[in-house]
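Next comes target.tsv, with TSV, C-alpha atoms.
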```tsv
chain	number	residue	atom	x	y	z
A	1	MET	CA	0.00	0.00	0.00
A	2	GLY	CA	2.98	2.26	-0.62
A	3	ASP	CA	4.01	2.22	3.04
A	4	GLU	CA	7.62	1.48	2.22
A	5	LYS	CA	7.94	4.75	0.34
A	6	LYS	CA	7.19	6.77	3.45
A	7	PRO	CA	10.17	8.93	4.37
A	8	LYS	CA	11.78	7.87	7.62
A	9	LYS	CA	10.68	10.07	10.47
A	10	GLY	CA	13.53	11.31	12.63
A	11	GLY	CA	15.07	9.13	15.37
A	12	LEU	CA	13.57	8.34	18.71
A	13	LEU	CA	10.49	10.45	18.29
A	14	GLY	CA	9.64	8.58	15.08
A	15	VAL	CA	10.00	5.21	16.77
A	16	PHE	CA	7.84	6.43	19.60
A	17	LYS	CA	5.17	7.64	17.18
A	18	ASP	CA	5.18	4.29	15.41
A	19	ILE	CA	4.74	2.45	18.68
A	20	ILE	CA	1.81	4.64	19.61
A	21	TYR	CA	0.36	4.05	16.16
A	22	GLY	CA	0.79	0.32	16.53
A	23	MET	CA	-0.92	0.32	19.93
A	24	SER	CA	-3.76	2.63	19.12
A	25	SER	CA	-4.89	2.85	15.55
A	26	HIS	CA	-3.31	-0.08	13.74
A	27	GLU	CA	-6.31	-2.28	14.47
A	28	MET	CA	-8.69	0.44	13.27
A	29	THR	CA	-6.71	0.84	10.10
A	30	ARG	CA	-6.89	-2.87	9.45
A	31	GLN	CA	-10.61	-2.74	10.05
A	32	ALA	CA	-11.01	0.09	7.56
A	33	VAL	CA	-8.93	-1.72	4.97
A	34	ARG	CA	-10.94	-4.87	5.48
A	35	SER	CA	-14.27	-3.07	5.11
A	36	ARG	CA	-12.87	-1.45	2.03
A	37	ALA	CA	-11.99	-4.86	0.58
A	38	SER	CA	-15.50	-6.19	1.24
A	39	MET	CA	-16.95	-3.20	-0.51
A	40	GLU	CA	-14.59	-3.74	-3.40
A	41	HIS	CA	-16.00	-7.24	-3.81
A	42	LEU	CA	-19.53	-5.94	-3.59
A	43	PHE	CA	-18.67	-3.36	-6.20
A	44	ILE	CA	-17.28	-5.96	-8.58
A	45	LEU	CA	-20.39	-8.08	-8.03
A	46	ILE	CA	-22.60	-5.19	-9.01
A	47	THR	CA	-20.63	-4.18	-12.05
A	48	MET	CA	-19.27	-7.52	-13.28
A	49	GLY	CA	-22.13	-9.75	-12.14
A	50	ASP	CA	-22.19	-11.27	-15.61
A	51	LEU	CA	-19.07	-13.22	-14.73
A	52	LEU	CA	-21.18	-15.23	-12.30
A	53	GLY	CA	-24.24	-15.15	-14.48
A	54	ILE	CA	-25.92	-12.20	-12.78
A	55	PRO	CA	-26.29	-9.41	-15.31
A	56	ILE	CA	-26.83	-6.10	-13.56
A	57	LEU	CA	-25.06	-3.20	-15.23
A	58	PRO	CA	-25.42	-3.06	-19.03
A	59	PRO	CA	-22.43	-4.92	-20.43
A	60	TYR	CA	-21.43	-2.07	-22.72
A	61	TYR	CA	-20.65	0.06	-19.72
A	62	SER	CA	-19.36	-2.60	-17.38
A	63	LEU	CA	-16.65	-3.31	-19.95
A	64	ARG	CA	-15.36	0.20	-19.37
A	65	LEU	CA	-14.73	-0.67	-15.73
A	66	LEU	CA	-13.23	-4.08	-16.42
A	67	PRO	CA	-9.59	-2.96	-16.84
A	68	TYR	CA	-9.58	-1.41	-13.39
A	69	VAL	CA	-10.78	-4.50	-11.58
A	70	THR	CA	-8.94	-7.10	-13.67
A	71	PRO	CA	-6.40	-7.98	-10.94
A	72	GLN	CA	-9.14	-8.46	-8.34
A	73	ILE	CA	-11.37	-10.68	-10.48
A	74	SER	CA	-9.94	-14.04	-9.51
A	75	SER	CA	-9.82	-13.38	-5.76
A	76	TRP	CA	-13.32	-11.99	-5.99
A	77	LYS	CA	-14.62	-15.06	-7.78
A	78	ARG	CA	-12.95	-17.33	-5.25
A	79	ARG	CA	-14.59	-15.43	-2.42
A	80	MET	CA	-18.00	-15.37	-4.04
A	81	LEU	CA	-18.07	-19.00	-5.02
A	82	ARG	CA	-16.35	-20.63	-2.08
A	83	GLU	CA	-18.35	-22.83	0.24
A	84	ARG	CA	-19.39	-21.33	3.48
A	85	ASP	CA	-19.98	-22.92	6.88
A	86	VAL	CA	-20.82	-21.97	10.41
A	87	THR	CA	-17.30	-20.83	11.26
A	88	ASP	CA	-17.74	-17.95	8.81
A	89	LEU	CA	-20.02	-16.35	11.34
A	90	LEU	CA	-17.15	-16.15	13.81
A	91	GLY	CA	-14.84	-14.47	11.33
B	1	MET	CA	-49.79	23.17	-39.24
B	2	SER	CA	-47.52	21.52	-41.74
B	3	LEU	CA	-44.05	20.03	-41.52
B	4	ARG	CA	-42.72	23.28	-42.89
B	5	THR	CA	-44.38	25.43	-40.25
B	6	VAL	CA	-43.04	23.14	-37.52
B	7	PHE	CA	-39.49	23.61	-38.79
B	8	GLU	CA	-39.91	27.32	-39.39
B	9	SER	CA	-41.70	28.22	-36.19
B	10	GLN	CA	-39.46	26.12	-33.93
B	11	PRO	CA	-35.94	26.62	-35.25
B	12	GLU	CA	-34.36	25.57	-31.96
B	13	ARG	CA	-35.63	22.04	-32.50
B	14	ARG	CA	-32.52	20.66	-34.11
B	15	TYR	CA	-32.89	16.95	-33.38
B	16	ILE	CA	-35.47	15.57	-35.74
B	17	MET	CA	-36.73	12.01	-35.53
B	18	PHE	CA	-39.22	10.05	-37.54
B	19	GLY	CA	-40.56	7.02	-35.77
B	20	GLY	CA	-42.97	4.31	-36.71
B	21	LYS	CA	-43.16	0.68	-37.60
B	22	GLY	CA	-40.77	-0.79	-40.11
B	23	GLY	CA	-41.43	-0.15	-43.77
B	24	LEU	CA	-43.85	2.78	-43.41
B	25	GLY	CA	-41.51	5.39	-44.84
B	26	LYS	CA	-39.38	6.71	-41.99
B	27	THR	CA	-36.34	6.85	-44.22
B	28	THR	CA	-38.29	8.52	-47.02
B	29	LEU	CA	-39.57	11.23	-44.70
B	30	SER	CA	-36.17	11.68	-43.04
B	31	ALA	CA	-34.43	12.03	-46.40
B	32	THR	CA	-37.09	14.38	-47.77
B	33	SER	CA	-36.94	16.65	-44.73
B	34	ALA	CA	-33.14	16.57	-44.79
B	35	PHE	CA	-33.19	17.50	-48.46
B	36	TRP	CA	-35.52	20.43	-47.92
B	37	LEU	CA	-33.66	21.80	-44.89
B	38	ALA	CA	-30.35	21.51	-46.75
B	39	SER	CA	-31.80	23.33	-49.74
B	40	GLN	CA	-32.83	26.10	-47.33
B	41	GLY	CA	-29.15	26.55	-46.49
B	42	LYS	CA	-29.09	24.57	-43.22
B	43	ARG	CA	-26.26	22.16	-42.57
B	44	VAL	CA	-27.92	18.80	-42.10
B	45	LEU	CA	-26.66	15.42	-40.98
B	46	LEU	CA	-28.99	12.53	-41.66
B	47	PHE	CA	-27.90	9.44	-39.84
B	48	SER	CA	-28.98	5.92	-39.09
B	49	VAL	CA	-27.83	3.31	-36.63
B	50	ASP	CA	-30.09	0.59	-37.95
B	51	PRO	CA	-28.08	-2.49	-38.97
B	52	GLN	CA	-30.51	-2.75	-41.89
B	53	ALA	CA	-30.11	0.92	-42.69
B	54	SER	CA	-31.69	2.16	-45.86
B	55	LEU	CA	-29.90	5.46	-46.40
B	56	SER	CA	-27.52	3.78	-48.83
B	57	ASP	CA	-30.55	2.58	-50.76
B	58	ILE	CA	-32.42	5.84	-50.86
B	59	PHE	CA	-29.35	7.85	-51.93
B	60	GLN	CA	-28.23	5.02	-54.22
B	61	GLN	CA	-24.71	5.18	-52.86
B	62	ASP	CA	-22.86	2.94	-50.41
B	63	ILE	CA	-22.27	4.92	-47.23
B	64	PHE	CA	-22.36	2.13	-44.61
B	65	GLY	CA	-19.71	2.57	-41.92
B	66	LYS	CA	-17.97	5.39	-43.78
B	67	GLY	CA	-18.65	8.32	-41.46
B	68	PRO	CA	-20.57	11.37	-42.68
B	69	VAL	CA	-20.68	11.21	-46.49
B	70	PRO	CA	-21.55	14.38	-48.47
B	71	ILE	CA	-24.68	13.84	-50.55
B	72	MET	CA	-25.27	17.36	-51.86
B	73	PRO	CA	-24.35	20.86	-50.65
B	74	ASN	CA	-25.23	21.13	-46.92
B	75	LEU	CA	-26.37	17.53	-46.64
B	76	TRP	CA	-24.38	14.66	-45.18
B	77	ALA	CA	-25.56	11.14	-44.55
B	78	GLN	CA	-24.09	8.57	-42.20
B	79	GLU	CA	-24.80	4.93	-41.45
B	80	VAL	CA	-23.23	3.67	-38.25
B	81	ASP	CA	-21.85	0.15	-38.35
B	82	ALA	CA	-22.82	-0.99	-34.86
B	83	ASP	CA	-21.03	-4.35	-35.09
B	84	ARG	CA	-17.80	-2.69	-36.13
B	85	ARG	CA	-18.19	-0.25	-33.27
B	86	ILE	CA	-18.64	-3.02	-30.72
B	87	LYS	CA	-15.57	-4.85	-32.05
B	88	ASP	CA	-13.44	-1.71	-31.87
B	89	TYR	CA	-14.69	-1.08	-28.38
B	90	GLN	CA	-13.76	-4.59	-27.25
B	91	ASP	CA	-10.28	-4.18	-28.72
B	92	GLU	CA	-9.92	-0.88	-26.92
B	93	ILE	CA	-10.78	-2.57	-23.60
B	94	ARG	CA	-8.29	-5.40	-24.25
B	95	LYS	CA	-5.58	-2.94	-25.14
B	96	LYS	CA	-6.25	-0.94	-22.00
B	97	ILE	CA	-5.87	-4.06	-19.84
B	98	LEU	CA	-2.60	-4.97	-21.55
B	99	ASP	CA	-1.27	-1.44	-21.17
B	100	MET	CA	-2.32	-1.05	-17.56
B	101	TYR	CA	-0.74	-4.25	-16.30
B	102	GLY	CA	1.94	-4.96	-18.87
B	103	PHE	CA	0.42	-8.35	-19.75
B	104	ASP	CA	1.41	-10.11	-22.97
B	105	ARG	CA	-2.12	-11.26	-23.42
B	106	VAL	CA	-5.47	-10.74	-21.75
B	107	PRO	CA	-6.15	-13.41	-19.07
B	108	GLU	CA	-8.44	-16.05	-20.51
B	109	GLU	CA	-11.23	-15.53	-18.01
B	110	ILE	CA	-11.30	-11.81	-18.69
B	111	ASP	CA	-11.14	-12.31	-22.42
B	112	ASN	CA	-14.07	-14.72	-22.30
B	113	TYR	CA	-16.04	-12.14	-20.41
B	114	ILE	CA	-15.30	-9.48	-22.98
B	115	ALA	CA	-16.38	-11.83	-25.76
B	116	ALA	CA	-19.55	-12.94	-23.95
B	117	ALA	CA	-20.60	-9.41	-23.05
B	118	SER	CA	-20.91	-8.45	-26.70
B	119	ALA	CA	-23.32	-11.31	-27.32
B	120	GLU	CA	-25.93	-9.78	-25.03
B	121	PRO	CA	-28.77	-7.99	-26.77
B	122	ALA	CA	-28.44	-4.98	-24.49
B	123	MET	CA	-24.94	-4.51	-25.84
B	124	GLU	CA	-26.11	-3.46	-29.24
B	125	GLU	CA	-28.70	-1.01	-27.96
B	126	SER	CA	-26.19	0.61	-25.64
B	127	ALA	CA	-23.56	0.75	-28.38
B	128	ILE	CA	-26.06	2.31	-30.77
B	129	PHE	CA	-27.18	4.97	-28.37
B	130	ASP	CA	-23.61	5.68	-27.39
B	131	ALA	CA	-22.81	6.16	-31.07
B	132	VAL	CA	-25.67	8.64	-31.32
B	133	VAL	CA	-24.24	10.63	-28.42
B	134	ASP	CA	-20.89	10.72	-30.21
B	135	ILE	CA	-22.44	11.93	-33.44
B	136	ILE	CA	-24.41	14.67	-31.77
B	137	VAL	CA	-21.61	15.82	-29.50
B	138	GLN	CA	-18.94	15.96	-32.19
B	139	GLY	CA	-20.67	17.52	-35.17
B	140	ASP	CA	-21.47	21.12	-35.87
B	141	TYR	CA	-24.61	20.68	-37.93
B	142	ASP	CA	-27.71	22.83	-37.73
B	143	TYR	CA	-29.95	19.78	-37.89
B	144	TYR	CA	-29.52	16.18	-36.90
B	145	ILE	CA	-32.08	13.99	-38.51
B	146	TYR	CA	-32.25	10.62	-36.91
B	147	ASP	CA	-33.58	7.88	-39.12
B	148	LEU	CA	-34.86	5.99	-36.12
B	149	VAL	CA	-34.73	2.29	-35.57
B	150	PRO	CA	-38.18	0.74	-35.19
B	151	LEU	CA	-40.12	1.82	-32.13
B	152	GLY	CA	-39.36	-1.13	-29.90
B	153	HIS	CA	-35.66	-0.32	-29.68
B	154	ALA	CA	-36.23	3.28	-28.72
B	155	LEU	CA	-38.78	2.40	-26.06
B	156	TYR	CA	-36.61	-0.35	-24.68
B	157	TYR	CA	-33.70	2.00	-24.43
B	158	LEU	CA	-35.71	4.75	-22.79
B	159	SER	CA	-37.02	2.44	-20.13
B	160	MET	CA	-33.56	0.97	-19.56
B	161	ALA	CA	-32.02	4.43	-19.31
B	162	LYS	CA	-34.12	5.18	-16.24
B	163	VAL	CA	-33.15	1.94	-14.55
B	164	TYR	CA	-29.49	2.34	-15.48
B	165	ASP	CA	-29.44	5.83	-14.16
B	166	GLU	CA	-30.64	4.75	-10.75
B	167	TRP	CA	-28.18	1.89	-10.72
B	168	ILE	CA	-25.29	4.12	-11.56
B	169	ASN	CA	-26.33	6.47	-8.77
B	170	LYS	CA	-26.23	3.59	-6.29
B	171	ILE	CA	-22.90	2.30	-7.56
B	172	THR	CA	-21.40	5.77	-7.47
B	173	LYS	CA	-22.54	6.14	-3.89
B	174	LEU	CA	-20.91	2.83	-2.97
B	175	ARG	CA	-17.74	3.94	-4.66
B	176	GLU	CA	-17.76	7.18	-2.72
B	177	ASP	CA	-18.21	5.27	0.55
B	178	MET	CA	-15.24	3.12	-0.39
B	179	ARG	CA	-13.22	6.21	-0.88
B	180	GLN	CA	-14.01	7.36	2.62
B	181	TYR	CA	-12.59	4.14	4.02
B	182	ASP	CA	-9.48	4.71	1.94
B	183	GLN	CA	-9.21	8.12	3.47
B	184	VAL	CA	-9.67	6.83	7.01
B	185	ALA	CA	-6.91	4.27	6.51
B	186	ALA	CA	-4.65	6.85	4.93
B	187	THR	CA	-5.19	9.37	7.71
B	188	MET	CA	-4.45	6.84	10.39
B	189	ARG	CA	-1.30	5.80	8.60
B	190	ARG	CA	-0.47	9.49	8.39
B	191	GLU	CA	-0.37	9.41	4.58
B	192	GLU	CA	-1.02	12.68	2.91
B	193	THR	CA	-2.98	11.77	-0.19
B	194	VAL	CA	-5.29	9.09	-1.42
B	195	GLU	CA	-4.79	7.95	-4.98
B	196	GLU	CA	-7.39	9.31	-7.34
B	197	ASP	CA	-10.20	6.83	-7.91
B	198	LYS	CA	-10.28	6.22	-11.65
B	199	ILE	CA	-13.34	3.99	-11.37
B	200	LEU	CA	-15.33	6.80	-9.85
B	201	GLY	CA	-14.32	8.93	-12.81
B	202	GLU	CA	-15.50	6.24	-15.22
B	203	LEU	CA	-18.80	5.88	-13.39
B	204	LEU	CA	-19.46	9.58	-13.68
B	205	TYR	CA	-18.64	9.38	-17.38
B	206	ILE	CA	-21.04	6.45	-17.87
B	207	LYS	CA	-23.77	8.30	-16.03
B	208	GLU	CA	-23.28	11.31	-18.23
B	209	ARG	CA	-23.41	9.20	-21.41
B	210	ILE	CA	-26.59	7.37	-20.40
B	211	ASN	CA	-28.24	10.61	-19.45
B	212	ALA	CA	-27.12	12.33	-22.62
B	213	SER	CA	-28.63	9.69	-24.86
B	214	SER	CA	-31.98	9.66	-23.12
B	215	ARG	CA	-31.93	13.45	-22.87
B	216	ILE	CA	-31.77	13.75	-26.65
B	217	LEU	CA	-34.92	11.67	-26.98
B	218	THR	CA	-36.81	13.64	-24.36
B	219	ASP	CA	-35.65	17.23	-24.81
B	220	ARG	CA	-38.82	19.24	-25.37
B	221	ARG	CA	-37.01	22.32	-26.49
B	222	ARG	CA	-34.64	20.85	-29.02
B	223	THR	CA	-36.19	17.60	-30.18
B	224	ALA	CA	-39.07	17.03	-32.54
B	225	PHE	CA	-40.44	13.55	-32.88
B	226	PHE	CA	-42.77	12.69	-35.75
B	227	PHE	CA	-44.73	9.53	-36.24
B	228	VAL	CA	-45.10	8.08	-39.71
B	229	LEU	CA	-48.17	5.97	-40.38
B	230	VAL	CA	-50.15	4.67	-43.32
B	231	PRO	CA	-53.93	4.37	-43.71
B	232	GLU	CA	-54.31	0.78	-42.55
B	233	GLU	CA	-56.28	-0.44	-39.59
B	234	MET	CA	-53.54	-2.18	-37.66
B	235	ILE	CA	-51.02	0.58	-38.25
B	236	ILE	CA	-53.45	3.18	-36.90
B	237	LEU	CA	-54.01	1.17	-33.74
B	238	ASP	CA	-50.32	0.47	-33.25
B	239	THR	CA	-49.41	4.10	-33.76
B	240	GLN	CA	-51.91	5.17	-31.12
B	241	LYS	CA	-50.45	2.69	-28.67
B	242	ALA	CA	-46.88	3.69	-29.44
B	243	ALA	CA	-47.72	7.38	-29.12
B	244	GLU	CA	-49.15	6.76	-25.70
B	245	LEU	CA	-46.06	4.83	-24.60
B	246	PHE	CA	-43.77	7.51	-25.94
B	247	SER	CA	-45.57	10.29	-24.16
B	248	ARG	CA	-45.27	8.29	-20.97
B	249	PHE	CA	-41.50	8.50	-21.40
B	250	ASP	CA	-41.72	12.25	-22.10
B	251	VAL	CA	-40.81	12.01	-25.76
B	252	PRO	CA	-41.99	15.29	-27.29
B	253	LEU	CA	-44.41	14.28	-30.05
B	254	SER	CA	-44.65	16.97	-32.70
B	255	GLY	CA	-47.15	15.42	-35.05
B	256	TYR	CA	-48.05	12.73	-37.50
B	257	VAL	CA	-47.29	12.20	-41.15
B	258	VAL	CA	-49.60	10.01	-43.19
B	259	ASN	CA	-47.72	8.19	-45.92
B	260	ARG	CA	-48.85	6.28	-49.01
B	261	VAL	CA	-52.08	8.14	-49.56
B	262	LEU	CA	-53.68	7.15	-52.87
B	263	PRO	CA	-54.46	10.12	-55.13
B	264	PRO	CA	-58.15	10.96	-54.59
B	265	ASP	CA	-58.89	11.22	-58.33
B	266	LEU	CA	-57.75	7.63	-58.82
B	267	GLY	CA	-61.22	6.38	-57.96
B	268	ALA	CA	-62.82	8.32	-60.81
B	269	GLY	CA	-63.54	6.60	-64.11
B	270	ARG	CA	-63.68	2.92	-64.87
B	271	ILE	CA	-61.30	0.95	-62.72
B	272	PRO	CA	-61.13	-2.70	-61.70
B	273	GLU	CA	-63.24	-3.81	-58.72
B	274	TYR	CA	-60.13	-4.80	-56.79
B	275	LEU	CA	-58.66	-1.32	-57.01
B	276	LYS	CA	-62.00	0.26	-56.22
B	277	ASN	CA	-62.21	-1.75	-53.01
B	278	ARG	CA	-58.74	-0.74	-51.97
B	279	ILE	CA	-59.58	2.91	-52.55
B	280	THR	CA	-62.86	2.75	-50.60
B	281	MET	CA	-61.08	1.00	-47.78
B	282	GLN	CA	-58.34	3.58	-47.63
B	283	GLN	CA	-60.88	6.39	-47.63
B	284	LYS	CA	-62.50	4.81	-44.60
B	285	TYR	CA	-59.16	4.66	-42.79
B	286	MET	CA	-58.34	8.21	-43.81
B	287	LYS	CA	-61.52	9.37	-42.05
B	288	ASN	CA	-60.48	7.27	-39.12
B	289	ILE	CA	-57.04	8.89	-39.04
B	290	GLN	CA	-58.53	12.36	-39.26
B	291	ALA	CA	-60.87	11.61	-36.38
B	292	THR	CA	-58.07	10.16	-34.27
B	293	PHE	CA	-55.14	12.50	-34.91
B	294	GLY	CA	-56.95	15.52	-36.37
B	295	GLY	CA	-54.98	18.73	-36.10
B	296	GLN	CA	-51.76	16.90	-35.29
B	297	ILE	CA	-51.45	15.65	-38.86
B	298	LEU	CA	-48.70	17.59	-40.57
B	299	ALA	CA	-48.61	16.04	-44.00
B	300	TYR	CA	-50.25	13.57	-46.32
B	301	VAL	CA	-47.69	11.95	-48.53
B	302	PRO	CA	-49.09	10.69	-51.81
B	303	GLU	CA	-48.37	7.21	-53.06
B	304	MET	CA	-45.97	7.89	-55.91
B	305	GLU	CA	-45.95	6.00	-59.16
B	306	ARG	CA	-42.52	4.62	-58.36
B	307	ASP	CA	-40.17	4.04	-55.42
B	308	ILE	CA	-38.60	7.04	-53.83
B	309	THR	CA	-34.91	6.54	-54.42
B	310	GLY	CA	-32.34	8.94	-55.78
B	311	LEU	CA	-32.12	12.69	-55.30
B	312	GLY	CA	-34.48	13.45	-58.17
B	313	MET	CA	-37.39	11.61	-56.57
B	314	ILE	CA	-36.56	13.00	-53.13
B	315	GLU	CA	-36.59	16.49	-54.55
B	316	ARG	CA	-39.97	15.92	-56.15
B	317	LEU	CA	-41.43	14.72	-52.88
B	318	ALA	CA	-39.79	17.57	-50.94
B	319	ARG	CA	-41.36	20.10	-53.27
B	320	ARG	CA	-44.69	18.42	-52.87
B	321	LEU	CA	-44.45	18.32	-49.07
B	322	PHE	CA	-42.82	21.64	-48.30
B	323	GLU	CA	-43.58	23.99	-51.16
B	324	GLU	CA	-47.12	23.09	-52.15
B	325	GLU	CA	-49.89	23.43	-49.68
B	326	GLY	CA	-49.77	21.69	-46.29
B	327	PRO	CA	-51.93	18.93	-44.98
B	328	ALA	CA	-55.24	20.04	-46.46
B	329	ARG	CA	-56.39	17.43	-48.90
```

Could you render the structure as structure tokens?
Amino acid sequence: MGDEKKPKKGGLLGVFKDIIYGMSSHEMTRQAVRSRASMEHLFILITMGDLLGIPILPPYYSLRLLPYVTPQISSWKRRMLRERDVTDLLG
Amino acid sequence: MSLRTVFESQPERRYIMFGGKGGLGKTTLSATSAFWLASQGKRVLLFSVDPQASLSDIFQQDIFGKGPVPIMPNLWAQEVDADRRIKDYQDEIRKKILDMYGFDRVPEEIDNYIAAASAEPAMEESAIFDAVVDIIVQGDYDYYIYDLVPLGHALYYLSMAKVYDEWINKITKLREDMRQYDQVAATMRREETVEEDKILGELLYIKERINASSRILTDRRRTAFFFVLVPEEMIILDTQKAAELFSRFDVPLSGYVVNRVLPPDLGAGRIPEYLKNRITMQQKYMKNIQATFGGQILAYVPEMERDITGLGMIERLARRLFEEEGPAR
């Protein structure tokens, strides 16, 4: 997510800030990223539903969006089509 | 009112459409009106997106898929090759995928999807209406005369446009919500900027295109929609039904043109029984048409002694329709 490009913050203070970040908001960030990923899958379902046999958006226009979601298609399909069981509720 | 007075009194109506069932003379009326407007010094583009377009036939010149072709001073005609357009569009999408990710070839699954998408019937309608938006946005003509595909297509598209529009609104909203999550994550990671969401941009573009194409069909100020009918029982009934459906979708109906009217003096003298029956029957339907559509009838087009093809015949009909007296018979 481009984290590695972040310029190093100076010395001890930087380390301290990172620790605080790790303790406080890291979990929230992960939560936000995860929600974002779920929405991404929902979005692909709505626009590319044809791939699973659910036509929703007119294909002429969904093709315009296809290039942007190409890398996500296979993980999305796996998620949509995988079997689910009771333990999913715990996740 | 006549066709001429409609054009002259409402010059801001630049998108002209003739609708009606297949084979009633939409192309004839479109070409005749285009001819007359062009001869009045207006720059006119007459175009068709029908895969079975008949502009090539009426102008006796192959113009299919060749862009706007000059027919005479001020008049251009264009037949859009919808299949070609869909193929080009698919190639464009494939190329974009290759360029974006540096692939050698499009992943099979994705490629299958691209191929399958074009097989859907909605694909062609969308491609056609998108082509119309292109034509109207790009050109600088005074008049755009749309040789309309048969009624069903137009109605189907209009009803879909409303549904699509709502869908796009929902999807755009979802996309905007997603962006907020991006921003939350970025803020917490103390990142300055969030990458621009290209998909959101595309969605807004799609929304604009869908709206633009349905707007053209429903713009009261700039669009004039004429129905073409002939004096036959079923056609009269169908036209009434279609007119009602169209008005439900806010298509601005400007009037009716009655085509293939037999010359009234044909019945005089000694003629075969068969012909006499046809004439009596048509007279009955003419009364019917007058009772039904009355003052909204803009022209009666006589049945000519030969097909209307070639500029000479079009000119003759234009003179008859626009220069001689209006709808009075």

Problem set entry | Contact set, chain A to chain B: 6 Å, all atoms listed in the file, as a PyMOL selection string | chain A and resi 29+32+36+59-60+67

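Straight-line separation from CA of Glu12 (chain B) to CA of Asp219 (chain B): 11.1 Å.
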
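With distances restricted to only C-alpha atoms, A:Leu57 is the closest residue to Phe43 (chain A) from A:Leu57, A:Asp18, A:Met23, A:Met28.
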
For this session: Counting only C-alpha atoms, find the residues whose atoms lie at most 12 Å from (-44.1, 13.1, -26.4) (file coordinates) and write them out as a PyMOL selection string.
Result: chain B and resi 17+19+155+217-221+223-227+242-256

Protein/DNA/RNA residues near (-28.3, 10.8, -47.1), cut 8 Å, all atoms listed in the file, as an mmCIF file with C-alpha atoms, in the coordinates of the input:
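Ended up saving to part-v4.cif:
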```cif
data_model
loop_
_atom_site.group_PDB
_atom_site.id
_atom_site.type_symbol
_atom_site.label_atom_id
_atom_site.label_comp_id
_atom_site.auth_asym_id
_atom_site.auth_seq_id
_atom_site.Cartn_x
_atom_site.Cartn_y
_atom_site.Cartn_z
ATOM 1 C CA ALA B 31 -34.430 12.030 -46.400
ATOM 2 C CA ALA B 34 -33.140 16.570 -44.790
ATOM 3 C CA LEU B 45 -26.660 15.420 -40.980
ATOM 4 C CA LEU B 46 -28.990 12.530 -41.660
ATOM 5 C CA PHE B 47 -27.900 9.440 -39.840
ATOM 6 C CA LEU B 55 -29.900 5.460 -46.400
ATOM 7 C CA SER B 56 -27.520 3.780 -48.830
ATOM 8 C CA ILE B 58 -32.420 5.840 -50.860
ATOM 9 C CA PHE B 59 -29.350 7.850 -51.930
ATOM 10 C CA VAL B 69 -20.680 11.210 -46.490
ATOM 11 C CA PRO B 70 -21.550 14.380 -48.470
ATOM 12 C CA ILE B 71 -24.680 13.840 -50.550
ATOM 13 C CA LEU B 75 -26.370 17.530 -46.640
ATOM 14 C CA TRP B 76 -24.380 14.660 -45.180
ATOM 15 C CA ALA B 77 -25.560 11.140 -44.550
ATOM 16 C CA GLN B 78 -24.090 8.570 -42.200
#
```

For this session: Provide the CA of Trp76 (chain A) to CA of His41 (chain A) distance in Å, to one decimal place.
Result: 5.9 Å

Exercise. If we count all atoms listed in the file, what is near Ile44 (chain A) at a cut-off of 9 Å, once residues fewer than 5 positions away on the same chain are taken out, given as a ChimeraX atom specification?
Worked result: /A:39,49,69,72-73,76

Written file, previous selection with C-alpha atoms, as an mmCIF file, in the frame of the given file:
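Below is the file selection-v8.cif, written as the result:
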```cif
data_model
loop_
_atom_site.group_PDB
_atom_site.id
_atom_site.type_symbol
_atom_site.label_atom_id
_atom_site.label_comp_id
_atom_site.auth_asym_id
_atom_site.auth_seq_id
_atom_site.Cartn_x
_atom_site.Cartn_y
_atom_site.Cartn_z
ATOM 1 C CA MET A 39 -16.950 -3.200 -0.510
ATOM 2 C CA GLY A 49 -22.130 -9.750 -12.140
ATOM 3 C CA VAL A 69 -10.780 -4.500 -11.580
ATOM 4 C CA GLN A 72 -9.140 -8.460 -8.340
ATOM 5 C CA ILE A 73 -11.370 -10.680 -10.480
ATOM 6 C CA TRP A 76 -13.320 -11.990 -5.990
#
```

For this session: Find the spatial neighbours of Phe293 (chain B), counting all atoms listed in the file, within a cut-off of 10 Å - ignore same-chain residues fewer than 2 positions away - and output them as a PyMOL selection string.
Result: chain B and resi 236+240+255-256+288-291+295-298
